[in-house]
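Since the structure comes first, as C-alpha cells, the remarks are kept for the end.
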Amino acid sequence: MAKTLSGTLVESLRTRIVNGDIASGEKLPSEPRLAAEHQVSRTVVREAIARLNLEGLVHTRRGSGSYALTPPADDADGAPQLARSLDDRLALVEYRLALEAEAAALAATRRTPAQLAALADRLDALAASDGHPATAVQHDFAFHRLVAEAAGNRFLLQALDRLGPQMIAMPRGRLDRYERDRPDAGRFAAVVHEHRVVLEALEAQDPLAAAAAMRVHLAGSRRRLIEESAPPRRRT
C-alpha cells in the first residue's frame, strides 16, 4: 500500500525527533515552513502533526506551535523503549530510584575533585536553562550521568547510557509551565535545589546523605510527573 503524503511527512519528522535533530522540548518548524519544505498542503501538515501528537512525540500548544517530546530510544541494540504512558514513566522513576540512589552513595566515596568540578559546572548550566526545556533536559541528564560516572561502576554507567535523556521525563505540562504568572513557576527552582543537595552530599563524602538526596529528588520527580500529567484546570 502506497504511503500517503501525511504518512511520509510523519515518517520524516519522527526520524528527526528520534535522531535528536529536533531536540526534546524544541519547537518544530512552522506549518507554512513544513508545507513549503515538503511540498505539501497545510492540511497534510496538520494531519501529520496530529498523528505525532497521538504517538506522544509532539505536543501542540494553541497559539504557540508544536514541540518535540522525549523521543524513543533505538531498540536495535536492546535499548529500552520509550515510556509513553504515565504508568510507564512512573515505573521508570522507580527503576531510577533503585539504580541512582546506590550510584550516588558510591559516588560520595569515589568522586574525584575533577568530577566534582564537572558536576558543579553542569549544575550551573542547568540552573541557567530555565525557560529552555530542551536544554534543561540535556543538562539534567548529563548531571545524573556524571554521578553514575563518579560511582566508578561501569555497569551503573551503562544502565544510564542505555536509558539516555529519555529518562528525564518531558510531560506535556512542562512545556506549558514557563508562564511566570502560574503558581507552579517555582518547580524548576525546586529541581535545581534538589540537584544541589545531591552535589553537596558528594562534596561532603557522605554516602548516606547522597543516597537520601537522590531519593528525595526522584520522589520529587515522581510527584511533579503526576501533577504535570494531570489535565489543566479550567479557569473560572
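Ligands are numbered from 1 in the order shown, chains are lettered A, B, ... in the order of the C-alpha cells, and residues start at 1 in each chain.
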Would you list, as an MDAnalysis selection string, the residues of region 76-166 of chain A that end up in helix (DSSP H, G or I) under DSSP run on this structure's backbone?
chainID A and resid 76:77 86:110 113:127 133:150 154:166
What's around Glu200 (chain A) at 12 Å? Count only C-alpha atoms, leave out sequence neighbours fewer than 5 positions away in its own chain, and write the answer as a PDB file with C-alpha atoms, in the first residue's frame.
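The file below, part03.pdb, is the result:
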ATOM      1  CA  ALA A 104      25.041   8.441  44.460  1.00  0.00           C
ATOM      2  CA  ALA A 107      29.971   8.409  44.092  1.00  0.00           C
ATOM      3  CA  ALA A 108      30.202  10.065  47.505  1.00  0.00           C
ATOM      4  CA  LEU A 116      33.013  17.457  41.471  1.00  0.00           C
ATOM      5  CA  ALA A 117      34.023  20.436  39.349  1.00  0.00           C
ATOM      6  CA  LEU A 119      29.120  18.353  38.354  1.00  0.00           C
ATOM      7  CA  ALA A 120      29.178  21.932  39.633  1.00  0.00           C
ATOM      8  CA  LEU A 123      24.510  22.253  37.736  1.00  0.00           C
ATOM      9  CA  HIS A 193      17.832  22.797  44.524  1.00  0.00           C
ATOM     10  CA  GLU A 194      17.401  19.014  44.675  1.00  0.00           C
ATOM     11  CA  HIS A 195      20.380  18.541  42.375  1.00  0.00           C
ATOM     12  CA  GLN A 205      31.745  12.424  51.050  1.00  0.00           C
ATOM     13  CA  ASP A 206      28.599  11.293  52.862  1.00  0.00           C
ATOM     14  CA  PRO A 207      27.158   8.210  51.126  1.00  0.00           C
ATOM     15  CA  ALA A 209      23.214  11.682  52.645  1.00  0.00           C
ATOM     16  CA  ALA A 210      23.943  11.292  48.924  1.00  0.00           C
ATOM     17  CA  ALA A 211      21.615   8.307  48.581  1.00  0.00           C
ATOM     18  CA  ALA A 212      18.923  10.106  50.582  1.00  0.00           C
ATOM     19  CA  ALA A 213      19.270  13.269  48.492  1.00  0.00           C
ATOM     20  CA  MET A 214      18.914  11.290  45.285  1.00  0.00           C
TER      21      MET A 214
END
Which residues are near Tyr67 (chain A)? Cut-off 7 Å, only C-alpha atoms, ignore same chain within fewer than 5 positions. Put them as an MDAnalysis selection string.
chainID A and resid 25:28 58:60
Pick from A:Val40, A:Val191, A:Leu146, A:Leu160 nearest to Thr112 (chain A), counting only C-alpha atoms
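Closest to Thr112 (chain A), using only C-alpha atoms: A:Leu146.
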From A:Val197, A:Ile17, A:Ala136, A:Ala219, residue lying nearest Ala98 (chain A) [only C-alpha atoms]:
A:Ala219
Could you state the separation of CA of Ala159 (chain A) and CA of Arg16 (chain A) in Å, given to one decimal place?
24.6 Å
Would you list the contacts of Ile49 (chain A) as a PDB file with C-alpha atoms, in the first residue's frame, taking every protein, DNA or RNA residue within 12 Å and counting only C-alpha atoms, but skipping same-chain residues closer than 2 positions in sequence?
ATOM      1  CA  SER A   6       0.866  12.823   5.578  1.00  0.00           C
ATOM      2  CA  GLY A   7       2.378   9.391   6.309  1.00  0.00           C
ATOM      3  CA  THR A   8       5.571  10.344   4.524  1.00  0.00           C
ATOM      4  CA  LEU A   9       5.786  13.587   6.471  1.00  0.00           C
ATOM      5  CA  VAL A  10       5.127  11.770   9.758  1.00  0.00           C
ATOM      6  CA  GLU A  11       7.990   9.393   8.992  1.00  0.00           C
ATOM      7  CA  SER A  12      10.327  12.278   8.203  1.00  0.00           C
ATOM      8  CA  LEU A  13       9.509  14.240  11.357  1.00  0.00           C
ATOM      9  CA  ARG A  14       9.566  11.101  13.508  1.00  0.00           C
ATOM     10  CA  LEU A  28       9.037  22.218  15.327  1.00  0.00           C
ATOM     11  CA  PRO A  29       9.218  24.297  12.131  1.00  0.00           C
ATOM     12  CA  SER A  30       6.077  26.286  11.477  1.00  0.00           C
ATOM     13  CA  GLU A  31       3.185  24.856   9.491  1.00  0.00           C
ATOM     14  CA  LEU A  34       6.911  22.433   6.717  1.00  0.00           C
ATOM     15  CA  ALA A  35       4.415  22.708   3.872  1.00  0.00           C
ATOM     16  CA  ARG A  42      -1.003  22.802   5.169  1.00  0.00           C
ATOM     17  CA  THR A  43      -3.840  20.302   5.619  1.00  0.00           C
ATOM     18  CA  VAL A  44      -1.327  17.485   5.151  1.00  0.00           C
ATOM     19  CA  VAL A  45       0.976  19.119   7.707  1.00  0.00           C
ATOM     20  CA  ARG A  46      -1.855  19.374  10.238  1.00  0.00           C
ATOM     21  CA  GLU A  47      -2.705  15.702   9.718  1.00  0.00           C
ATOM     22  CA  ARG A  51      -0.596  11.793  14.272  1.00  0.00           C
ATOM     23  CA  LEU A  52       2.628  12.705  16.045  1.00  0.00           C
ATOM     24  CA  ASN A  53       0.568  14.094  18.921  1.00  0.00           C
ATOM     25  CA  LEU A  54      -1.229  10.749  19.180  1.00  0.00           C
ATOM     26  CA  GLU A  55       2.117   8.923  19.172  1.00  0.00           C
ATOM     27  CA  GLY A  56       3.316  11.047  22.079  1.00  0.00           C
ATOM     28  CA  LEU A  57       6.208  12.514  20.111  1.00  0.00           C
ATOM     29  CA  VAL A  58       4.783  16.019  19.793  1.00  0.00           C
ATOM     30  CA  HIS A  59       2.776  18.406  21.950  1.00  0.00           C
ATOM     31  CA  THR A  60       0.884  21.225  20.244  1.00  0.00           C
ATOM     32  CA  ARG A  61       0.144  24.411  22.158  1.00  0.00           C
ATOM     33  CA  GLY A  65       3.228  25.835  17.939  1.00  0.00           C
ATOM     34  CA  SER A  66       4.244  22.194  18.241  1.00  0.00           C
ATOM     35  CA  TYR A  67       7.097  20.917  20.411  1.00  0.00           C
ATOM     36  CA  ALA A  68       9.017  17.653  20.414  1.00  0.00           C
TER      37      ALA A  68
END
Select, from A:Asp21, A:Glu102, A:Glu94, A:Glu37, the residue with the minimum atom-to-atom distance to Ala150 (chain A), counting only C-alpha atoms.
A:Glu102
With a distance cut-off of 7 Å and only C-alpha atoms, select the neighbouring residues of Val137 (chain A), excluding the residue or stretch itself and same-chain residues fewer than 3 positions from it, and output the selection as a PyMOL selection string.
chain A and resi 133-134+140-141+165+168
Deliver the residues from the most recent selection as a file, using C-alpha atoms, as a PDB file, in the first residue's frame.
ATOM      1  CA  PRO A 133      13.197  22.794  28.281  1.00  0.00           C
ATOM      2  CA  ALA A 134      15.236  21.116  25.542  1.00  0.00           C
ATOM      3  CA  ASP A 140      19.718  17.307  33.720  1.00  0.00           C
ATOM      4  CA  PHE A 141      20.676  14.006  32.121  1.00  0.00           C
ATOM      5  CA  PRO A 165      17.931  11.556  28.018  1.00  0.00           C
ATOM      6  CA  ILE A 168      14.306  12.766  32.122  1.00  0.00           C
TER       7      ILE A 168
END
Record the distance separating CA of Ala189 (chain A) and CA of His139 (chain A), expressed in Å with one decimal.
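Computing it gives 14.4 Å between the two atoms.
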At a cut-off of 10 Å, using only C-alpha atoms, what residues contact Ser221 (chain A)? Leave out same-chain residues fewer than 2 positions from it and give the result as a PyMOL selection string.
chain A and resi 90+93+168-169+191+194+215-219+223-227
I'd like to know which of A:Arg196, A:Arg33, A:Arg89, A:Arg62 is closest to Arg122 (chain A), using only C-alpha atoms.
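The closest residue to Arg122 (chain A) is A:Arg196.
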What's around Ala151 (chain A) at 7 Å? Count only C-alpha atoms, leave out sequence neighbours fewer than 4 positions away in its own chain, and write the answer as a PDB file with N, CA and C atoms, in the first residue's frame.
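And here is the file that came out, out.pdb:
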ATOM      1  N   ALA A 103      24.086   4.582  43.106  1.00  0.00           N
ATOM      2  CA  ALA A 103      25.144   5.273  42.369  1.00  0.00           C
ATOM      3  C   ALA A 103      25.613   6.506  43.125  1.00  0.00           C
ATOM      4  N   ALA A 104      24.676   7.244  43.703  1.00  0.00           N
ATOM      5  CA  ALA A 104      25.041   8.441  44.460  1.00  0.00           C
ATOM      6  C   ALA A 104      25.848   8.082  45.709  1.00  0.00           C
ATOM      7  N   LEU A 106      27.803   5.463  46.144  1.00  0.00           N
ATOM      8  CA  LEU A 106      29.148   5.090  45.718  1.00  0.00           C
ATOM      9  C   LEU A 106      29.952   6.313  45.276  1.00  0.00           C
ATOM     10  N   ALA A 107      29.284   7.216  44.576  1.00  0.00           N
ATOM     11  CA  ALA A 107      29.971   8.409  44.092  1.00  0.00           C
ATOM     12  C   ALA A 107      30.490   9.261  45.246  1.00  0.00           C
ATOM     13  N   ARG A 110      33.856   7.846  46.078  1.00  0.00           N
ATOM     14  CA  ARG A 110      34.811   7.600  44.997  1.00  0.00           C
ATOM     15  C   ARG A 110      35.053   8.808  44.101  1.00  0.00           C
ATOM     16  N   ARG A 111      34.270   9.861  44.249  1.00  0.00           N
ATOM     17  CA  ARG A 111      34.387  11.006  43.322  1.00  0.00           C
ATOM     18  C   ARG A 111      35.741  11.664  43.449  1.00  0.00           C
ATOM     19  N   VAL A 147      27.122  11.663  37.909  1.00  0.00           N
ATOM     20  CA  VAL A 147      27.052  10.982  39.204  1.00  0.00           C
ATOM     21  C   VAL A 147      27.353   9.492  39.019  1.00  0.00           C
TER      22      VAL A 147
END
What is the CA of His132 (chain A)-CA of Glu100 (chain A) distance in Å, reported with one decimal?
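Taking CA of His132 (chain A) and CA of Glu100 (chain A), their separation equals 25.1 Å.
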